[in-house]
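Structure file upload.csv (CSV, C-alpha atoms) is printed below.
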chain,number,residue,atom,x,y,z
A,1,MET,CA,-9.7,-25.3,14.9
A,2,ALA,CA,-13.2,-25.4,13.4
A,3,ALA,CA,-13.8,-23.1,10.4
A,4,LEU,CA,-14.4,-19.5,11.3
A,5,ARG,CA,-16.4,-17.5,8.9
A,6,LYS,CA,-17.0,-13.7,8.9
A,7,THR,CA,-18.9,-11.5,6.4
A,8,PHE,CA,-18.6,-7.8,5.8
A,9,ARG,CA,-20.6,-5.4,3.6
A,10,ILE,CA,-18.9,-3.3,0.9
A,11,ASN,CA,-21.0,-0.2,0.0
A,12,LYS,CA,-21.1,1.1,-3.5
A,13,LYS,CA,-18.9,4.2,-4.2
A,14,ASP,CA,-18.0,4.5,-0.5
A,15,PHE,CA,-14.4,5.5,-0.7
A,16,ILE,CA,-14.2,6.7,2.9
A,17,HIS,CA,-14.9,3.3,4.4
A,18,ALA,CA,-13.4,1.1,1.6
A,19,GLY,CA,-10.8,-1.1,3.1
A,20,GLU,CA,-12.3,-1.4,6.5
A,21,ALA,CA,-13.3,-5.0,5.9
A,22,SER,CA,-9.7,-6.0,4.9
A,23,ILE,CA,-8.3,-4.2,8.0
A,24,SER,CA,-10.8,-6.2,10.1
A,25,VAL,CA,-9.7,-9.5,8.4
A,26,LYS,CA,-6.1,-8.5,9.0
A,27,ASN,CA,-6.8,-7.9,12.7
A,28,LEU,CA,-8.8,-11.2,13.0
A,29,LEU,CA,-5.9,-13.2,11.4
A,30,LYS,CA,-3.4,-11.4,13.7
A,31,SER,CA,-5.5,-12.4,16.8
A,32,LEU,CA,-5.3,-16.0,15.5
A,33,HIS,CA,-1.5,-15.8,15.3
A,34,VAL,CA,-1.4,-16.5,11.6
A,35,ASP,CA,1.9,-16.1,9.8
A,36,THR,CA,2.6,-12.4,9.1
A,37,LYS,CA,3.4,-13.0,5.4
A,38,LEU,CA,0.1,-14.8,5.0
A,39,ILE,CA,-1.7,-12.0,6.8
A,40,ARG,CA,-0.2,-9.5,4.3
A,41,CYS,CA,-1.2,-11.6,1.3
A,42,VAL,CA,-4.8,-12.0,2.5
A,43,SER,CA,-5.1,-8.4,3.5
A,44,VAL,CA,-3.7,-7.0,0.2
A,45,CYS,CA,-6.0,-9.3,-1.8
A,46,GLY,CA,-9.0,-8.2,0.3
A,47,TYR,CA,-8.2,-4.6,0.0
A,48,GLU,CA,-7.6,-4.7,-3.8
A,49,GLY,CA,-10.9,-6.5,-4.1
A,50,GLU,CA,-12.8,-4.1,-1.9
A,51,MET,CA,-11.4,-1.1,-3.9
A,52,ASN,CA,-12.5,-2.8,-7.1
A,53,VAL,CA,-16.1,-3.2,-5.8
A,54,VAL,CA,-16.2,0.4,-4.6
A,55,MET,CA,-14.8,1.8,-7.9
A,56,HIS,CA,-16.5,-0.5,-10.5
A,57,GLY,CA,-19.1,-2.7,-8.8
A,58,GLY,CA,-22.4,-2.4,-7.0
A,59,GLU,CA,-23.2,-3.4,-3.5
A,60,GLY,CA,-20.8,-6.0,-2.3
A,61,ILE,CA,-19.9,-8.6,0.3
A,62,LEU,CA,-16.5,-9.7,1.5
A,63,SER,CA,-16.3,-13.0,3.4
A,64,VAL,CA,-13.5,-14.8,4.9
A,65,GLU,CA,-13.3,-18.4,6.1
A,66,ILE,CA,-10.4,-19.6,8.2
A,67,ASP,CA,-9.5,-23.2,9.2
A,68,ARG,CA,-6.4,-25.0,10.2
A,69,GLU,CA,-5.2,-25.5,6.6
A,70,LYS,CA,-6.3,-22.5,4.6
A,71,VAL,CA,-7.9,-19.1,4.4
A,72,ILE,CA,-10.7,-18.6,1.8
A,73,LEU,CA,-11.5,-15.0,0.7
A,74,GLU,CA,-14.7,-14.3,-1.3
A,75,ILE,CA,-15.6,-11.0,-2.7
A,76,SER,CA,-18.8,-10.5,-4.7
A,77,ASP,CA,-20.9,-7.6,-6.0
A,78,ASP,CA,-24.1,-7.0,-8.0
A,79,GLY,CA,-22.5,-4.4,-10.3
A,80,PRO,CA,-22.2,-4.3,-14.1
A,81,GLY,CA,-19.7,-7.2,-14.3
A,82,ILE,CA,-16.3,-7.5,-16.0
A,83,GLU,CA,-16.7,-7.4,-19.8
A,84,ASN,CA,-13.4,-9.1,-20.6
A,85,ILE,CA,-11.8,-11.0,-17.7
A,86,ASP,CA,-8.6,-11.9,-19.6
A,87,LEU,CA,-8.1,-8.2,-20.4
A,88,ALA,CA,-8.9,-7.2,-16.8
A,89,MET,CA,-6.2,-9.7,-15.6
A,90,GLN,CA,-3.5,-7.9,-17.6
A,91,GLU,CA,-1.2,-5.6,-15.6
A,92,GLY,CA,-1.9,-2.0,-16.4
A,93,PHE,CA,-5.4,-2.5,-17.9
A,94,SER,CA,-7.8,-0.1,-16.1
A,95,THR,CA,-11.2,1.3,-16.7
A,96,ALA,CA,-10.9,3.7,-13.7
A,97,THR,CA,-12.0,7.3,-14.1
A,98,GLU,CA,-9.7,10.3,-13.8
A,99,GLU,CA,-11.2,11.0,-10.4
A,100,GLN,CA,-10.5,7.5,-9.1
A,101,ARG,CA,-6.9,7.8,-10.3
A,102,GLU,CA,-6.5,11.1,-8.5
A,103,MET,CA,-7.5,9.2,-5.3
A,104,GLY,CA,-4.6,6.8,-5.9
A,105,PHE,CA,-6.4,3.9,-7.6
A,106,GLY,CA,-6.9,2.6,-11.1
A,107,ALA,CA,-3.3,1.6,-11.8
A,108,GLY,CA,-4.6,-1.6,-13.4
A,109,MET,CA,-2.8,-3.8,-10.8
A,110,GLY,CA,-5.8,-4.9,-8.7
A,111,LEU,CA,-6.7,-8.3,-10.2
A,112,PRO,CA,-3.1,-9.2,-11.1
A,113,ASN,CA,-2.0,-8.3,-7.6
A,114,MET,CA,-4.8,-10.6,-6.2
A,115,LYS,CA,-3.7,-13.5,-8.4
A,116,ARG,CA,-0.1,-13.0,-7.4
A,117,ASN,CA,-0.8,-13.0,-3.7
A,118,SER,CA,-3.2,-15.9,-3.6
A,119,ASP,CA,-2.5,-19.6,-4.2
A,120,HIS,CA,-5.6,-20.0,-6.3
A,121,MET,CA,-8.1,-17.5,-7.7
A,122,THR,CA,-11.3,-17.8,-9.7
A,123,VAL,CA,-13.2,-14.9,-11.3
A,124,GLU,CA,-16.7,-15.3,-12.4
A,125,SER,CA,-18.6,-12.4,-13.9
A,126,GLU,CA,-21.8,-11.9,-15.8
A,127,LYS,CA,-22.8,-8.6,-17.5
A,128,GLU,CA,-25.3,-6.6,-15.5
A,129,LYS,CA,-25.4,-9.4,-12.8
A,130,GLY,CA,-22.1,-8.9,-11.0
A,131,THR,CA,-18.8,-10.5,-10.2
A,132,GLN,CA,-17.6,-13.2,-7.8
A,133,ILE,CA,-14.0,-13.6,-6.9
A,134,ARG,CA,-12.7,-16.5,-4.8
A,135,MET,CA,-9.2,-16.8,-3.5
A,136,SER,CA,-7.6,-19.4,-1.4
A,137,PHE,CA,-4.4,-19.2,0.7
A,138,SER,CA,-2.6,-22.2,2.2
A,139,MET,CA,-1.5,-21.9,5.8
A,140,ALA,CA,1.6,-24.0,4.9
A,141,ASP,CA,2.9,-22.1,1.9
A,142,GLU,CA,5.4,-19.3,1.9
A,143,LYS,CA,4.0,-16.6,-0.4
A,144,GLY,CA,5.0,-13.2,-1.8
A,145,GLU,CA,8.7,-13.7,-1.6
P,1,MET,CA,18.5,3.8,10.2
P,2,LYS,CA,16.3,4.8,13.1
P,3,LEU,CA,13.0,6.7,12.8
P,4,SER,CA,14.5,9.5,14.8
P,5,GLU,CA,17.3,9.8,12.2
P,6,ILE,CA,14.8,9.8,9.3
P,7,ILE,CA,13.0,12.7,11.0
P,8,ASP,CA,16.3,14.7,11.1
P,9,VAL,CA,17.2,13.9,7.5
P,10,LEU,CA,13.8,14.9,6.2
P,11,ASP,CA,13.4,17.9,8.6
P,12,ALA,CA,10.1,16.2,9.3
P,13,SER,CA,7.3,16.7,11.8
P,14,ILE,CA,6.0,13.7,13.6
P,15,TRP,CA,2.2,13.1,14.0
P,16,VAL,CA,2.2,9.5,15.2
P,17,GLY,CA,5.1,7.3,16.5
P,18,GLU,CA,6.8,9.3,19.2
P,19,ASP,CA,7.0,5.9,21.0
P,20,GLN,CA,8.7,4.3,18.0
P,21,LEU,CA,11.7,6.6,17.5
P,22,ASP,CA,14.2,3.7,17.8
P,23,LYS,CA,12.4,1.7,15.1
P,24,GLU,CA,14.9,0.6,12.4
P,25,PHE,CA,14.4,1.0,8.6
P,26,SER,CA,16.4,-0.2,5.7
P,27,ILE,CA,14.0,0.1,2.7
P,28,ALA,CA,11.9,2.9,1.2
P,29,GLY,CA,9.3,3.3,-1.5
P,30,ALA,CA,7.5,6.3,-3.0
P,31,ALA,CA,4.1,6.2,-4.8
P,32,ASP,CA,0.9,8.1,-5.3
P,33,LEU,CA,-0.8,5.1,-6.8
P,34,MET,CA,-1.7,2.7,-4.0
P,35,SER,CA,-1.4,-0.5,-6.1
P,36,ASP,CA,2.3,0.4,-6.7
P,37,ILE,CA,2.9,-0.2,-3.0
P,38,LEU,CA,0.4,-3.1,-2.7
P,39,ALA,CA,2.1,-4.9,-5.5
P,40,LYS,CA,5.5,-4.8,-3.9
P,41,LEU,CA,7.1,-6.2,-0.8
P,42,ALA,CA,6.7,-3.1,1.3
P,43,GLU,CA,6.8,-4.7,4.7
P,44,GLY,CA,8.6,-2.5,7.2
P,45,CYS,CA,9.4,0.2,4.6
P,46,ILE,CA,9.3,4.0,4.7
P,47,PHE,CA,6.3,4.9,2.4
P,48,MET,CA,6.5,8.4,0.9
P,49,THR,CA,3.4,9.8,-0.8
P,50,GLY,CA,1.8,13.0,-1.7
P,51,LEU,CA,-1.7,11.5,-1.3
P,52,VAL,CA,-3.1,12.5,2.0
P,53,THR,CA,-6.2,10.2,2.3
P,54,VAL,CA,-7.4,7.5,4.6
P,55,GLN,CA,-6.6,5.1,1.8
P,56,SER,CA,-2.9,5.9,2.2
P,57,ILE,CA,-3.0,4.7,5.8
P,58,ARG,CA,-5.2,1.6,4.9
P,59,THR,CA,-2.7,0.8,2.1
P,60,ALA,CA,0.1,1.0,4.6
P,61,ALA,CA,-1.8,-1.1,7.2
P,62,VAL,CA,-2.5,-4.0,4.8
P,63,SER,CA,1.0,-3.9,3.3
P,64,GLY,CA,2.7,-3.9,6.7
P,65,VAL,CA,4.4,-0.5,5.9
P,66,GLY,CA,6.7,0.6,8.7
P,67,ALA,CA,6.1,4.4,8.5
P,68,VAL,CA,4.2,6.9,6.2
P,69,VAL,CA,5.8,10.2,5.1
P,70,PHE,CA,3.6,12.9,3.5
P,71,VAL,CA,5.8,15.0,1.2
P,72,ARG,CA,5.5,18.6,0.1
P,73,ASP,CA,4.6,19.7,3.6
P,74,LYS,CA,1.1,18.1,3.5
P,75,LYS,CA,-0.5,18.0,6.9
P,76,PRO,CA,-2.9,15.1,7.7
P,77,PRO,CA,-6.4,15.9,9.0
P,78,PRO,CA,-7.3,14.5,12.5
P,79,GLU,CA,-9.1,11.4,11.1
P,80,ILE,CA,-5.9,10.3,9.3
P,81,ILE,CA,-3.8,10.9,12.3
P,82,GLU,CA,-6.3,8.8,14.4
P,83,MET,CA,-6.3,6.0,11.9
P,84,ALA,CA,-2.4,5.9,11.9
P,85,ARG,CA,-2.5,5.8,15.7
P,86,GLU,CA,-5.0,3.0,15.8
P,87,GLU,CA,-2.8,1.0,13.3
P,88,GLU,CA,0.4,2.0,15.2
P,89,ILE,CA,2.0,3.3,12.0
P,90,PRO,CA,4.4,6.2,12.5
P,91,LEU,CA,3.2,9.2,10.5
P,92,LEU,CA,5.5,12.1,9.4
P,93,SER,CA,5.2,15.2,7.2
P,94,THR,CA,8.3,16.7,5.4
P,95,PRO,CA,8.6,20.0,3.7
P,96,CYS,CA,10.8,18.3,1.1
P,97,SER,CA,9.4,17.3,-2.4
P,98,MET,CA,9.1,13.6,-3.3
P,99,PHE,CA,12.3,13.9,-5.3
P,100,VAL,CA,14.3,15.5,-2.5
P,101,SER,CA,12.9,13.1,0.1
P,102,CYS,CA,13.9,10.1,-1.9
P,103,GLY,CA,17.3,11.6,-2.6
P,104,ARG,CA,18.0,12.3,1.1
P,105,LEU,CA,17.0,8.8,2.2
P,106,HIS,CA,19.0,7.2,-0.6
P,107,ALA,CA,22.0,9.2,0.3
P,108,SER,CA,21.5,8.1,3.9
P,109,GLY,CA,21.8,4.5,2.9
P,110,LEU,CA,18.2,3.3,2.4
P,111,THR,CA,17.5,1.0,-0.5
P,112,GLY,CA,14.5,0.5,-2.7
P,113,LEU,CA,11.8,-2.0,-1.9
P,114,ASP,CA,13.6,-4.7,-3.9
P,115,GLY,CA,16.9,-3.9,-2.1
P,116,SER,CA,18.4,-2.1,-5.1
P,117,ARG,CA,20.5,1.1,-4.7

Let me see the file written as structure tokens.
Amino acid sequence: MAALRKTFRINKKDFIHAGEASISVKNLLKSLHVDTKLIRCVSVCGYEGEMNVVMHGGEGILSVEIDREKVILEISDDGPGIENIDLAMQEGFSTATEEQREMGFGAGMGLPNMKRNSDHMTVESEKEKGTQIRMSFSMADEKGE
Amino acid sequence: MKLSEIIDVLDASIWVGEDQLDKEFSIAGAADLMSDILAKLAEGCIFMTGLVTVQSIRTAAVSGVGAVVFVRDKKPPPEIIEMAREEEIPLLSTPCSMFVSCGRLHASGLTGLDGSR
């Protein structure tokens, strides 16, 4: 199959619609009969990424590219950037506000979860410019078990 | 354990899933922080939470959760019921606390998300 690419907007501070892009990606992969474990990994990574953009970032984009061998998920935003990526990758580290925690987020598991559920992940961030995260998922691998 | 038995054990009301009463469950998890469910293998589980938001349903949808239970008698608003219906995720409310809900399901034989008792 030729590569299929779809792009979704993520709106700053929009908690009501946050996650809709990931649900669309999940439904798209389901319609393509992709392995259910892989669908879960991609959806969880997309959702964690979307929530990060809504909580911490600016305006954002989630894009997915699917071909026979792999799924590529890219999430970018034009927010304040991640000051210390190594620190942000540690489980439990969070800069979420009390209000965000009351909504069920800010456990400091987002980036670690994305790394765990993807085969390869890169994070690039520049202060006041934004953040770009790229994750790849092999169609052949068994993940998450 | 069937969804119908879980409804009995938790004295629960059912909002979505009347057509899935024979659906079988063997694992359960409880969390008010969504990443705690997203980080685990929650596929097919009973997900108990006190957080009645659209994000509880989206978390369930991306994680492959088998059913959502709102504890402490929290009733979902129509948009949450509609979302669960669209995602075909059974949705229950129980008057039990989180502690008692977990205790009743554990006593009925369900295990944690990692299979532990």

Looking at A:Val53, A:Ala140, A:Leu29, A:Met121, which one is nearest to Gly79 of chain A, with distances taken over all atoms listed in the file?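 Closest residue, counting all atoms listed in the file: A:Val53.
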
Which residue, A:Ile39, A:Ala107, A:Met114, A:Leu87, has the smallest gap to Ser24 of chain A when you use only C-alpha atoms?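 Checking each of A:Ile39, A:Ala107, A:Met114, A:Leu87 against Ser24 of chain A, counting only C-alpha atoms, the winner is A:Ile39.
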
Any chance you could tabulate, as a tab-separated table, the residues of chain P at most 6 Å from chain A with each one's nearest atom pair and distance in Å to one decimal, using only C-alpha atoms, in chain and rising number order?
residue	atom	partner	partner_atom	distance
P:Asp32	CA	A:Gly104	CA	5.7
P:Leu33	CA	A:Gly104	CA	4.3
P:Met34	CA	A:Gly104	CA	5.4
P:Ser35	CA	A:Met109	CA	5.9
P:Ala39	CA	A:Asn113	CA	5.7
P:Val62	CA	A:Ser43	CA	5.3
P:Ser63	CA	A:Arg40	CA	5.8

Coordinates-based distance that separates atom CA of Glu79 of chain P from atom CA of Asp14 of chain A (Å, one decimal):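 Computed distance, atom CA of Asp14 of chain A to atom CA of Glu79 of chain P, equals 16.2 Å.
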
Hey, what's within 6 Å of Gly81 of chain A if we count only C-alpha atoms and toss same-chain stuff fewer than 3 positions away? As a list in words, please?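 Using only C-alpha atoms, the neighbours found are Ser125, Glu126, Lys127, Glu128, Gly130 and Thr131 of chain A.
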